[in-house]
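Asks: Below is model_14.cif; it holds mmCIF, C-alpha atoms.
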```
data_final
#
loop_
_atom_site.label_atom_id
_atom_site.label_comp_id
_atom_site.auth_asym_id
_atom_site.auth_seq_id
_atom_site.Cartn_x
_atom_site.Cartn_y
_atom_site.Cartn_z
CA MET A 1 -64.15 -10.70 -21.16
CA ASN A 2 -64.81 -14.35 -21.88
CA SER A 3 -63.72 -15.13 -25.40
CA GLU A 4 -60.62 -12.95 -25.46
CA GLY A 5 -59.55 -13.93 -21.95
CA PRO A 6 -56.00 -15.00 -22.61
CA ASN A 7 -55.26 -18.66 -21.95
CA ARG A 8 -58.29 -19.01 -19.72
CA PRO A 9 -58.40 -22.56 -18.42
CA ALA A 10 -61.65 -24.33 -19.14
CA GLY A 11 -64.29 -24.22 -16.43
CA ARG A 12 -63.14 -21.08 -14.67
CA ARG A 13 -66.19 -19.36 -13.16
CA ASP A 14 -66.56 -15.69 -13.77
CA SER A 15 -68.84 -14.15 -11.21
CA ALA A 16 -69.29 -17.04 -8.80
CA GLY A 17 -67.17 -17.57 -5.76
CA ILE A 18 -68.35 -14.43 -3.99
CA LEU A 19 -69.83 -16.33 -1.09
CA ALA A 20 -66.84 -18.65 -0.90
CA ALA A 21 -64.48 -15.68 -0.77
CA MET A 22 -66.54 -13.87 1.88
CA LYS A 23 -66.73 -17.02 3.97
CA ALA A 24 -62.98 -17.52 3.70
CA VAL A 25 -62.33 -13.93 4.81
CA MET A 26 -64.63 -14.28 7.82
CA LEU A 27 -63.35 -17.70 8.85
CA GLY A 28 -59.75 -16.57 8.50
CA ASP A 29 -60.37 -13.60 10.80
CA LEU A 30 -62.30 -15.64 13.37
CA LYS A 31 -59.71 -18.43 13.48
CA SER A 32 -56.81 -15.98 13.76
CA SER A 33 -58.45 -14.12 16.62
CA PHE A 34 -59.52 -17.16 18.59
CA ARG A 35 -55.97 -18.47 18.49
CA GLN A 36 -54.66 -15.14 19.77
CA PRO A 37 -57.23 -14.33 22.46
CA ARG A 38 -55.37 -11.32 23.87
CA ASP A 39 -56.79 -8.96 21.24
CA LEU A 40 -60.18 -10.49 21.90
CA VAL A 41 -60.16 -10.13 25.67
CA ASN A 42 -58.74 -6.57 25.89
CA PRO A 43 -61.87 -4.67 24.74
CA LEU A 44 -64.12 -6.90 26.86
CA LEU A 45 -62.03 -6.38 29.96
CA PHE A 46 -62.05 -2.64 29.31
CA PHE A 47 -65.84 -2.69 29.02
CA VAL A 48 -66.31 -4.57 32.29
CA LEU A 49 -63.77 -2.47 34.18
CA VAL A 50 -65.26 0.88 33.16
CA VAL A 51 -68.75 -0.22 34.17
CA MET A 52 -67.43 -1.62 37.46
CA LEU A 53 -65.43 1.49 38.34
CA PHE A 54 -68.26 3.96 37.78
CA PRO A 55 -70.22 3.09 40.95
CA LEU A 56 -66.97 3.22 42.93
CA GLY A 57 -65.78 6.48 41.44
CA VAL A 58 -69.00 8.47 41.18
CA SER A 59 -71.77 7.17 43.39
CA PRO A 60 -73.05 3.73 44.35
CA GLU A 61 -76.59 5.05 44.95
CA VAL A 62 -79.32 3.07 43.24
CA ALA A 63 -81.17 6.16 42.02
CA PHE A 64 -78.05 7.57 40.31
CA LEU A 65 -77.05 4.27 38.74
CA GLN A 66 -80.55 3.64 37.42
CA GLN A 67 -80.47 7.08 35.85
CA ALA A 68 -76.94 6.86 34.40
CA GLY A 69 -76.57 3.11 33.88
CA ALA A 70 -77.61 2.96 30.24
CA GLY A 71 -75.31 5.86 29.38
CA ILE A 72 -72.37 4.28 31.20
CA LEU A 73 -72.82 0.98 29.41
CA TRP A 74 -73.22 2.60 26.01
CA VAL A 75 -70.17 4.85 26.40
CA ALA A 76 -68.07 1.94 27.66
CA ALA A 77 -69.20 -0.23 24.74
CA LEU A 78 -68.43 2.55 22.26
CA LEU A 79 -64.95 3.13 23.65
CA SER A 80 -64.09 -0.54 23.75
CA VAL A 81 -65.08 -0.94 20.10
CA LEU A 82 -62.92 2.10 19.33
CA LEU A 83 -60.05 0.44 21.20
CA SER A 84 -60.21 -2.62 18.97
CA LEU A 85 -60.51 -0.79 15.64
CA ASP A 86 -56.81 -0.37 14.96
CA HIS A 87 -56.39 -4.15 14.78
CA LEU A 88 -59.09 -4.50 12.13
CA PHE A 89 -56.72 -4.15 9.16
CA ARG A 90 -53.34 -3.59 10.82
CA HIS A 91 -52.20 -7.23 11.14
CA ASP A 92 -53.35 -7.99 7.60
CA PHE A 93 -51.53 -4.91 6.34
CA ASP A 94 -48.31 -5.98 8.05
CA ASP A 95 -48.26 -9.57 6.82
CA GLY A 96 -49.38 -8.79 3.26
CA THR A 97 -52.77 -10.50 3.51
CA LEU A 98 -54.46 -7.19 2.73
CA GLU A 99 -52.73 -6.95 -0.67
CA GLN A 100 -54.10 -10.37 -1.49
CA LEU A 101 -57.56 -9.30 -0.31
CA VAL A 102 -57.56 -6.27 -2.61
CA LEU A 103 -56.41 -8.48 -5.50
CA GLN A 104 -59.29 -10.92 -5.05
CA PRO A 105 -61.45 -10.90 -8.18
CA GLN A 106 -64.60 -10.44 -6.07
CA PRO A 107 -65.88 -6.91 -5.36
CA LEU A 108 -63.75 -5.52 -2.55
CA PHE A 109 -66.67 -3.93 -0.69
CA LEU A 110 -68.22 -7.36 -0.10
CA LEU A 111 -64.96 -8.69 1.32
CA VAL A 112 -64.67 -5.60 3.53
CA LEU A 113 -68.25 -6.22 4.65
CA ALA A 114 -67.26 -9.76 5.61
CA LYS A 115 -64.30 -8.41 7.56
CA SER A 116 -66.47 -5.85 9.36
CA MET A 117 -68.94 -8.57 10.28
CA ALA A 118 -66.13 -10.73 11.64
CA HIS A 119 -64.98 -7.73 13.69
CA TRP A 120 -68.49 -7.34 15.09
CA VAL A 121 -68.71 -11.04 16.00
CA LEU A 122 -65.39 -10.70 17.82
CA THR A 123 -66.03 -7.42 19.67
CA GLY A 124 -69.62 -6.17 19.46
CA LEU A 125 -71.41 -9.45 20.04
CA PRO A 126 -69.50 -10.36 23.24
CA LEU A 127 -70.35 -6.88 24.59
CA VAL A 128 -74.04 -7.47 23.92
CA LEU A 129 -73.83 -10.86 25.64
CA LEU A 130 -72.20 -9.34 28.73
CA THR A 131 -74.69 -6.49 28.96
CA PRO A 132 -77.46 -8.27 30.94
CA LEU A 133 -74.97 -9.05 33.71
CA LEU A 134 -73.57 -5.53 33.86
CA GLY A 135 -77.10 -4.10 33.57
CA VAL A 136 -78.04 -5.87 36.78
CA MET A 137 -74.88 -4.48 38.39
CA VAL A 138 -76.02 -0.89 37.72
CA HIS A 139 -79.55 -1.66 38.97
CA LEU A 140 -81.31 -1.35 35.62
CA GLU A 141 -84.80 -2.85 35.50
CA GLY A 142 -85.55 -5.94 33.46
CA ASN A 143 -87.33 -4.03 30.74
CA SER A 144 -84.55 -1.46 30.42
CA ILE A 145 -81.93 -4.20 30.23
CA ALA A 146 -83.82 -5.89 27.41
CA VAL A 147 -84.09 -2.63 25.47
CA LEU A 148 -80.43 -1.83 26.20
CA CYS A 149 -79.38 -5.21 24.78
CA LEU A 150 -81.53 -4.58 21.73
CA THR A 151 -80.03 -1.12 21.10
CA LEU A 152 -76.52 -2.51 21.48
CA LEU A 153 -77.38 -5.41 19.18
CA ILE A 154 -78.45 -2.92 16.50
CA GLY A 155 -75.84 -0.29 17.37
CA THR A 156 -72.58 -2.21 17.69
CA PRO A 157 -72.56 -3.43 14.04
CA VAL A 158 -72.91 0.23 13.05
CA LEU A 159 -69.84 1.01 15.18
CA SER A 160 -67.83 -1.77 13.47
CA LEU A 161 -68.91 -0.73 9.97
CA ILE A 162 -68.20 2.98 10.43
CA GLY A 163 -65.02 2.22 12.34
CA ALA A 164 -63.74 0.19 9.40
CA ILE A 165 -63.68 3.37 7.29
CA GLY A 166 -61.44 5.12 9.78
CA ALA A 167 -59.24 2.07 10.29
CA ALA A 168 -58.76 1.78 6.52
CA LEU A 169 -57.97 5.47 6.08
CA THR A 170 -55.36 5.60 8.85
CA LEU A 171 -53.69 2.35 7.81
CA GLY A 172 -50.66 4.00 6.28
CA LEU A 173 -49.84 5.99 9.40
CA ARG A 174 -47.42 4.69 11.95
CA SER A 175 -49.44 5.62 15.02
CA ALA A 176 -53.03 6.01 13.99
CA GLY A 177 -54.67 5.88 17.43
CA VAL A 178 -55.49 9.53 18.13
CA LEU A 179 -56.38 10.46 14.58
CA LEU A 180 -58.61 7.42 14.26
CA SER A 181 -60.52 8.39 17.43
CA LEU A 182 -60.87 12.03 16.38
CA MET A 183 -62.21 11.01 12.99
CA ILE A 184 -64.59 8.32 14.11
CA ILE A 185 -66.09 9.64 17.36
CA PRO A 186 -68.19 12.37 15.68
CA LEU A 187 -69.72 9.68 13.48
CA TYR A 188 -70.46 7.55 16.54
CA ILE A 189 -72.31 10.30 18.41
CA PRO A 190 -75.74 9.90 16.70
CA VAL A 191 -75.70 6.17 17.45
CA LEU A 192 -74.83 6.91 21.07
CA ILE A 193 -77.56 9.53 21.46
CA PHE A 194 -80.27 7.32 20.01
CA GLY A 195 -79.00 4.24 21.86
CA THR A 196 -79.13 5.85 25.30
CA GLY A 197 -82.27 7.82 24.46
CA THR A 198 -84.12 4.63 23.63
CA VAL A 199 -83.19 3.04 26.97
CA MET A 200 -84.18 6.23 28.84
CA ALA A 201 -87.58 6.17 27.12
CA ALA A 202 -88.00 2.51 28.05
CA GLY A 203 -87.22 3.39 31.68
CA GLU A 204 -90.09 5.88 31.63
CA ALA A 205 -92.38 3.27 30.08
CA ALA A 206 -92.65 5.32 26.87
CA PRO A 207 -92.95 3.53 23.51
CA VAL A 208 -89.56 2.81 21.90
CA THR A 209 -90.47 1.25 18.56
CA GLY A 210 -89.94 4.53 16.71
CA GLN A 211 -86.45 5.03 18.09
CA LEU A 212 -85.55 1.39 17.50
CA ALA A 213 -86.70 1.79 13.90
CA LEU A 214 -84.43 4.81 13.55
CA MET A 215 -81.49 2.82 14.87
CA GLY A 216 -82.40 0.09 12.40
CA ALA A 217 -82.23 2.73 9.69
CA PHE A 218 -78.71 3.65 10.89
CA LEU A 219 -77.73 0.01 10.58
CA VAL A 220 -79.13 -0.34 7.07
CA LEU A 221 -77.41 2.87 6.03
CA ALA A 222 -74.09 1.71 7.47
CA LEU A 223 -74.43 -1.75 5.92
CA THR A 224 -75.06 -0.35 2.46
CA LEU A 225 -72.68 2.61 2.38
CA ALA A 226 -69.79 2.03 4.80
CA PRO A 227 -68.24 -0.97 2.97
CA PHE A 228 -67.87 1.13 -0.21
CA ALA A 229 -66.08 3.88 1.70
CA SER A 230 -63.84 1.38 3.51
CA ALA A 231 -62.95 -0.38 0.25
CA ALA A 232 -62.00 2.93 -1.40
CA ALA A 233 -59.98 3.92 1.68
CA LEU A 234 -58.13 0.58 1.62
CA ARG A 235 -57.14 1.10 -2.03
CA ILE A 236 -55.79 4.56 -1.22
CA SER A 237 -53.85 3.33 1.80
CA LEU A 238 -52.32 0.46 -0.16
CA SER A 239 -51.44 2.73 -3.09
CA ASN A 240 -49.33 4.83 -0.78
CA ALA A 241 -47.79 1.93 1.12
CA MET B 1 -49.98 -16.35 -29.45
CA SER B 2 -48.32 -13.06 -30.24
CA GLU B 3 -51.00 -10.81 -28.81
CA PRO B 4 -49.62 -9.17 -25.68
CA LEU B 5 -51.23 -10.14 -22.40
CA LEU B 6 -50.36 -7.00 -20.55
CA GLN B 7 -49.09 -3.72 -21.95
CA ALA B 8 -47.60 -0.81 -20.09
CA VAL B 9 -47.97 2.49 -21.91
CA ASN B 10 -45.91 5.53 -20.89
CA LEU B 11 -45.79 4.69 -17.21
CA ARG B 12 -44.38 7.37 -14.97
CA CYS B 13 -44.11 7.29 -11.22
CA GLU B 14 -42.59 9.66 -8.70
CA ARG B 15 -41.79 9.11 -5.10
CA GLY B 16 -40.99 12.17 -3.03
CA ASP B 17 -39.02 14.42 -5.41
CA ARG B 18 -37.55 11.58 -7.43
CA VAL B 19 -38.84 10.17 -10.67
CA LEU B 20 -38.62 6.40 -10.32
CA PHE B 21 -39.42 5.76 -13.97
CA GLN B 22 -40.92 7.66 -16.88
CA ASP B 23 -41.88 6.95 -20.50
CA LEU B 24 -41.78 3.30 -19.60
CA SER B 25 -43.58 1.18 -22.18
CA PHE B 26 -43.34 -2.56 -22.68
CA ASP B 27 -45.42 -5.59 -23.62
CA ILE B 28 -45.76 -8.82 -21.69
CA LEU B 29 -46.30 -11.61 -24.22
CA PRO B 30 -47.74 -15.02 -23.36
CA GLY B 31 -45.05 -17.58 -22.62
CA THR B 32 -42.33 -15.13 -21.65
CA LEU B 33 -40.32 -14.34 -18.59
CA THR B 34 -39.75 -10.67 -17.84
CA ARG B 35 -37.18 -9.63 -15.31
CA VAL B 36 -37.23 -6.16 -13.77
CA GLU B 37 -33.69 -5.14 -12.86
CA GLY B 38 -32.17 -2.24 -11.01
CA PRO B 39 -30.39 -1.29 -7.81
CA ASN B 40 -32.13 -1.01 -4.45
CA GLY B 41 -34.57 1.86 -4.40
CA SER B 42 -34.90 2.06 -8.16
CA GLY B 43 -38.62 1.31 -8.07
CA LYS B 44 -38.79 -2.38 -8.98
CA THR B 45 -41.37 -3.19 -6.35
CA THR B 46 -43.31 -0.02 -7.19
CA LEU B 47 -43.42 -1.02 -10.86
CA LEU B 48 -44.72 -4.47 -9.97
CA ARG B 49 -47.35 -3.00 -7.68
CA VAL B 50 -48.42 -0.65 -10.48
CA LEU B 51 -48.70 -3.59 -12.88
CA ALA B 52 -50.69 -5.62 -10.36
CA GLY B 53 -53.07 -2.73 -9.73
CA LEU B 54 -52.09 -2.20 -6.10
CA ASN B 55 -50.58 1.22 -6.70
CA ASP B 56 -52.81 3.74 -8.49
CA ASN B 57 -50.40 6.64 -8.17
CA ALA B 58 -48.61 6.10 -11.48
CA GLU B 59 -49.43 8.07 -14.59
CA GLY B 60 -49.86 6.24 -17.87
CA GLN B 61 -51.91 3.24 -18.75
CA VAL B 62 -51.85 -0.48 -18.21
CA LEU B 63 -53.71 -2.49 -20.84
CA TRP B 64 -55.01 -6.00 -20.24
CA GLY B 65 -55.76 -7.96 -23.41
CA GLY B 66 -55.68 -4.66 -25.32
CA LYS B 67 -58.22 -2.88 -23.10
CA ASP B 68 -57.84 -0.60 -20.11
CA ARG B 69 -56.99 -2.74 -17.12
CA ASN B 70 -59.11 -0.77 -14.67
CA ALA B 71 -62.21 -1.21 -16.81
CA ASN B 72 -61.64 -4.97 -16.91
CA ARG B 73 -60.61 -5.34 -13.32
CA GLU B 74 -62.38 -8.59 -12.55
CA SER B 75 -61.06 -10.39 -15.60
CA PHE B 76 -57.57 -9.07 -14.88
CA LEU B 77 -57.60 -10.08 -11.20
CA ARG B 78 -58.99 -13.51 -12.03
CA ASN B 79 -56.11 -14.17 -14.39
CA MET B 80 -53.26 -12.62 -12.43
CA LEU B 81 -51.39 -13.94 -9.44
CA TYR B 82 -49.28 -11.57 -7.36
CA ILE B 83 -46.89 -12.53 -4.60
CA GLY B 84 -45.35 -9.51 -2.90
CA HIS B 85 -42.32 -9.31 -0.68
CA ARG B 86 -44.72 -9.56 2.24
CA PRO B 87 -45.91 -13.07 1.52
CA GLY B 88 -49.55 -12.76 2.67
CA ILE B 89 -49.26 -15.53 5.23
CA ARG B 90 -51.22 -15.17 8.46
CA PRO B 91 -49.09 -16.19 11.43
CA MET B 92 -51.90 -17.77 13.45
CA LEU B 93 -53.18 -19.99 10.64
CA SER B 94 -51.57 -23.23 9.49
CA PRO B 95 -49.99 -23.44 6.02
CA LEU B 96 -52.97 -25.42 4.77
CA GLU B 97 -55.50 -22.90 6.14
CA ASN B 98 -53.46 -20.07 4.63
CA LEU B 99 -53.53 -21.70 1.22
CA GLN B 100 -57.26 -22.33 1.53
CA THR B 101 -57.86 -18.68 2.37
CA LEU B 102 -55.63 -17.45 -0.47
CA THR B 103 -57.23 -19.65 -3.10
CA ALA B 104 -60.84 -19.15 -1.97
CA GLY B 105 -62.97 -17.51 -4.62
CA ARG B 106 -60.44 -18.29 -7.32
CA ALA B 107 -60.07 -21.50 -9.33
CA GLU B 108 -61.24 -24.34 -7.12
CA CYS B 109 -58.52 -26.32 -5.39
CA SER B 110 -59.34 -29.37 -3.32
CA THR B 111 -57.68 -29.88 0.06
CA ALA B 112 -55.80 -32.85 -1.41
CA MET B 113 -54.37 -30.60 -4.14
CA LEU B 114 -53.25 -28.04 -1.58
CA ARG B 115 -51.64 -30.72 0.61
CA GLN B 116 -49.83 -31.99 -2.45
CA ALA B 117 -48.66 -28.46 -3.22
CA LEU B 118 -47.36 -28.13 0.34
CA SER B 119 -45.43 -31.39 0.11
CA GLY B 120 -44.07 -30.15 -3.22
CA THR B 121 -42.41 -27.33 -1.28
CA GLY B 122 -41.11 -29.67 1.42
CA LEU B 123 -43.66 -28.67 4.03
CA GLU B 124 -45.71 -31.88 4.15
CA SER B 125 -45.09 -32.40 7.86
CA PHE B 126 -45.89 -28.77 8.70
CA GLY B 127 -49.36 -28.65 7.14
CA ASP B 128 -51.13 -28.08 10.46
CA VAL B 129 -48.51 -26.13 12.43
CA PRO B 130 -49.33 -22.43 12.92
CA CYS B 131 -47.18 -20.39 10.53
CA HIS B 132 -45.64 -18.22 13.24
CA ARG B 133 -43.69 -21.31 14.33
CA LEU B 134 -42.15 -21.66 10.86
CA SER B 135 -38.94 -19.99 9.74
CA ALA B 136 -38.97 -17.02 7.35
CA GLY B 137 -37.93 -19.30 4.47
CA GLN B 138 -40.63 -21.81 5.29
CA GLN B 139 -43.24 -19.05 5.37
CA ARG B 140 -42.12 -17.92 1.92
CA ARG B 141 -42.42 -21.53 0.78
CA VAL B 142 -46.06 -21.56 1.94
CA ALA B 143 -46.76 -18.56 -0.27
CA LEU B 144 -44.85 -20.14 -3.15
CA ALA B 145 -46.85 -23.35 -2.80
CA ARG B 146 -49.63 -21.42 -4.52
CA LEU B 147 -47.57 -21.46 -7.71
CA LEU B 148 -47.88 -25.25 -7.83
CA VAL B 149 -51.68 -25.10 -8.11
CA ALA B 150 -52.08 -21.71 -9.81
CA ASP B 151 -53.38 -21.64 -13.36
CA GLU B 152 -53.48 -17.86 -13.78
CA PRO B 153 -51.82 -16.94 -17.10
CA LEU B 154 -49.90 -14.03 -15.55
CA TRP B 155 -47.72 -14.24 -12.48
CA ILE B 156 -46.20 -11.14 -10.92
CA LEU B 157 -43.60 -12.16 -8.37
CA ASP B 158 -41.61 -9.76 -6.22
CA GLU B 159 -38.26 -11.00 -4.87
CA ILE B 160 -39.37 -14.61 -4.79
CA PHE B 161 -35.91 -16.04 -4.14
CA THR B 162 -35.56 -14.20 -0.82
CA ALA B 163 -34.89 -16.53 2.14
CA ILE B 164 -35.11 -19.65 -0.05
CA ASP B 165 -32.25 -22.17 0.20
CA ALA B 166 -30.10 -23.24 -2.77
CA ARG B 167 -32.11 -26.36 -3.61
CA GLY B 168 -35.33 -24.43 -3.29
CA VAL B 169 -34.01 -21.80 -5.68
CA GLU B 170 -33.14 -24.50 -8.22
CA ALA B 171 -36.59 -26.05 -7.94
CA LEU B 172 -38.21 -22.65 -8.27
CA GLU B 173 -36.16 -21.85 -11.39
CA ARG B 174 -37.28 -25.14 -12.91
CA LEU B 175 -40.88 -24.34 -12.01
CA LEU B 176 -40.68 -20.91 -13.64
CA SER B 177 -39.10 -22.16 -16.86
CA ARG B 178 -41.64 -24.99 -17.08
CA ARG B 179 -44.42 -22.46 -16.59
CA VAL B 180 -43.04 -20.30 -19.39
CA ASP B 181 -42.85 -23.36 -21.68
CA GLU B 182 -46.50 -24.04 -20.91
CA GLY B 183 -47.38 -20.54 -22.14
CA GLY B 184 -47.62 -18.64 -18.88
CA SER B 185 -46.22 -15.15 -18.49
CA ILE B 186 -44.08 -14.26 -15.51
CA VAL B 187 -42.80 -10.89 -14.30
CA VAL B 188 -40.17 -11.08 -11.57
CA THR B 189 -37.83 -8.85 -9.67
CA THR B 190 -34.80 -10.53 -8.25
CA HIS B 191 -31.15 -9.91 -7.54
CA HIS B 192 -30.58 -13.57 -8.19
CA ASN B 193 -28.97 -14.43 -11.52
CA LEU B 194 -31.82 -15.77 -13.52
CA ASN B 195 -31.23 -17.41 -16.87
CA ALA B 196 -33.97 -18.32 -19.23
CA SER B 197 -34.24 -18.42 -22.97
CA GLY B 198 -35.97 -15.43 -24.48
CA MET B 199 -35.92 -13.50 -21.23
CA GLN B 200 -36.98 -9.88 -21.45
CA SER B 201 -35.22 -7.42 -19.17
CA ILE B 202 -36.53 -4.09 -17.97
CA THR B 203 -33.80 -2.04 -16.35
CA LEU B 204 -34.71 0.77 -14.01
CA GLY B 205 -32.37 3.66 -13.34
CA GLU B 206 -29.68 4.28 -10.75
CA GLY B 207 -31.88 4.89 -7.74
CA GLY B 208 -34.17 6.93 -9.96
CA HIS B 209 -33.44 10.01 -12.03
CA GLU B 210 -33.07 13.36 -10.36
CA LEU B 211 -35.85 15.79 -11.23
#
```
Just give me the structure as structure tokens.

Replies:
Amino acid sequence: MNSEGPNRPAGRRDSAGILAAMKAVMLGDLKSSFRQPRDLVNPLLFFVLVVMLFPLGVSPEVAFLQQAGAGILWVAALLSVLLSLDHLFRHDFDDGTLEQLVLQPQPLFLLVLAKSMAHWVLTGLPLVLLTPLLGVMVHLEGNSIAVLCLTLLIGTPVLSLIGAIGAALTLGLRSAGVLLSLMIIPLYIPVLIFGTGTVMAAGEAAPVTGQLALMGAFLVLALTLAPFASAAALRISLSNA
Amino acid sequence: MSEPLLQAVNLRCERGDRVLFQDLSFDILPGTLTRVEGPNGSGKTTLLRVLAGLNDNAEGQVLWGGKDRNANRESFLRNMLYIGHRPGIRPMLSPLENLQTLTAGRAECSTAMLRQALSGTGLESFGDVPCHRLSAGQQRRVALARLLVADEPLWILDEIFTAIDARGVEALERLLSRRVDEGGSIVVTTHHNLNASGMQSITLGEGGHEL
């Protein structure tokens, strides 16, 4: 609608501004979180503590830890992402920023994608960066640690993207925690199985390219489909607010 | 200039077992101020959210420039500015950063323009203070600073006089009437006594009609 656009000021761009809007969404999220580091540190601390407590609680034997290490790290990473999901839209919902996000002229799924990416940079990426250290703690070999980092690097964005759907759907509820976990964990299980399976295969010196490619396919699928679902869920949650 | 900007056709909305409004039809013409009136709980905010496209639960149709609003969503959103009763201000960002985020992807505003808008609302010395250190009224002023740089033809403003002091209210009234003179359309809800020439009033029922 160009000609009949009522009172349109001259020079207003119609479809541009998508990148500017996405950048603003991401920067806003990153700045907000870095100035309020508590939400940032909680999932990380949880991740480190779980991995540290396993040898103490189960068995400190090298053989056991080498066997179970990848699984422990993956489960801990998955749970700490889950822990941070409720914050993804909650603050924005409470202060009204989310209404403004939905009313942006740009396609909402792109803005949601930007938000999911910001969430990954704030939670998933730090987990990946900590993994080499914790991998050494559970006696994983160098090759396994490298593959573990790679699977987490591919897998954690999937967790953020899928998690955003659940976070958006449960936004209208007062205490969303349990429902969010129940809804999202089944969707996380394939990523977990392939993530740990790949590291196991690497430990046995088997080729892992096929499994990594499959995880890459998960990521592409999540990148292309999840933002649409999250955007639709956000509209529903805001309609009922 | 007589073609309506926004038209509501037979809007009907229920909440719980109450009908908030039904058979509600009206036109928003360019250069007019429309005030939505009614007691607490009568559905003023709901009506504004329906008009802005935030609430899809209402039956009926909203037309934008004579066409279905939902089919022309981008054009509608590009030309509409909504400020809700939650002002959309992030507590950890400064007023300036908040304005930059809110105006990103819309009509381009330089940092100098935004700073000027902030000083226009009396916040020039707070431009870089995180918003959670500001008072409720000051936070509302940050959101309202957008109005000083906004060129969207339609403004939908929910309870904008809340927490604003007397001088601020006066300035805001002047801003609204100037905007209407310039040809902008404004839809407001307020309990404040608003006087403007040619003001259209939409009155919603006594806490909604019983079913």

Asks: Restricting the calculation to only C-alpha atoms, which member of A:Ala164, A:Val48, A:Leu152, A:Ala20 is positioned closest to Ser84 in chain A?

Replies: A:Ala164

Asks: Could you name the residues that touch Asn10 in chain B at 6 Å or less, counting only C-alpha atoms, but leaving out those on the same chain fewer than 5 positions away, as a PyMOL selection string?

Replies: chain B and resi 23-25+60

Asks: I'd like the residues picked by the PyMOL selection byres ((chain A) within 7 of (chain B)) written out as number ranges by chain, using the chain letters and numbers from the file.

Replies: A: 1, 6-7, 12, 17-18, 20-21, 24-25, 28, 32, 35, 95-97, 100, 103-105, 238-239

Asks: For a quick check of understanding, using only C-alpha atoms, which of B:Leu29, B:Leu147, B:Ala166, B:Leu47 has the smallest distance to Glu14 in chain B?

Replies: B:Leu47

Asks: Quick one: pull the distance between CA of Pro227 in chain A and CA of Phe47 in chain A, Å, one decimal.

Replies: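 Atom-to-atom, CA of Pro227 in chain A to CA of Phe47 in chain A, that is 26.2 Å.
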
Asks: Residues within 12 Å of Glu159 in chain B, please, as a PyMOL selection string. Count all atoms listed in the file; anything in the same chain fewer than 6 positions from it doesn't count.

Replies: chain B and resi 35-37+40+44-45+48+82-87+140+144+169+187-194

Asks: Apply the PyMOL selection byres ((chain A and resi 138-148) around 7) to the structure shown and report the selected residues as a ChimeraX atom specification.

Replies: /A:62,65-66,69-70,132,134-137,149-152,199,202-203

Asks: Residues picked by the PyMOL selection byres ((chain B and resi 114-119) around 8) here, as an mmCIF file with C-alpha atoms, keeping the file's coordinate frame?

Replies:
```
data_model
loop_
_atom_site.group_PDB
_atom_site.id
_atom_site.type_symbol
_atom_site.label_atom_id
_atom_site.label_comp_id
_atom_site.auth_asym_id
_atom_site.auth_seq_id
_atom_site.Cartn_x
_atom_site.Cartn_y
_atom_site.Cartn_z
ATOM 1 C CA PRO B 95 -49.990 -23.440 6.020
ATOM 2 C CA LEU B 96 -52.970 -25.420 4.770
ATOM 3 C CA LEU B 99 -53.530 -21.700 1.220
ATOM 4 C CA GLN B 100 -57.260 -22.330 1.530
ATOM 5 C CA CYS B 109 -58.520 -26.320 -5.390
ATOM 6 C CA SER B 110 -59.340 -29.370 -3.320
ATOM 7 C CA THR B 111 -57.680 -29.880 0.060
ATOM 8 C CA ALA B 112 -55.800 -32.850 -1.410
ATOM 9 C CA MET B 113 -54.370 -30.600 -4.140
ATOM 10 C CA GLY B 120 -44.070 -30.150 -3.220
ATOM 11 C CA THR B 121 -42.410 -27.330 -1.280
ATOM 12 C CA GLY B 122 -41.110 -29.670 1.420
ATOM 13 C CA LEU B 123 -43.660 -28.670 4.030
ATOM 14 C CA GLU B 124 -45.710 -31.880 4.150
ATOM 15 C CA SER B 125 -45.090 -32.400 7.860
ATOM 16 C CA GLY B 127 -49.360 -28.650 7.140
ATOM 17 C CA VAL B 142 -46.060 -21.560 1.940
ATOM 18 C CA ALA B 145 -46.850 -23.350 -2.800
ATOM 19 C CA ARG B 146 -49.630 -21.420 -4.520
ATOM 20 C CA LEU B 148 -47.880 -25.250 -7.830
ATOM 21 C CA VAL B 149 -51.680 -25.100 -8.110
#
```

Asks: Please indicate the distance in Å from CA of Gly205 in chain B to CA of Gly38 in chain B, rounded to one decimal place.

Replies: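 Calculated distance between CA of Gly205 in chain B and CA of Gly38 in chain B is 6.3 Å.
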
Asks: Tell me, as JSON, numbers by chain, which residues lie within 9 Å of range 135-137 of chain B, counting only C-alpha atoms; anything in the same chain fewer than 4 positions away does not count.

Replies: {"B": [131, 141, 142, 162, 163, 164, 165]}
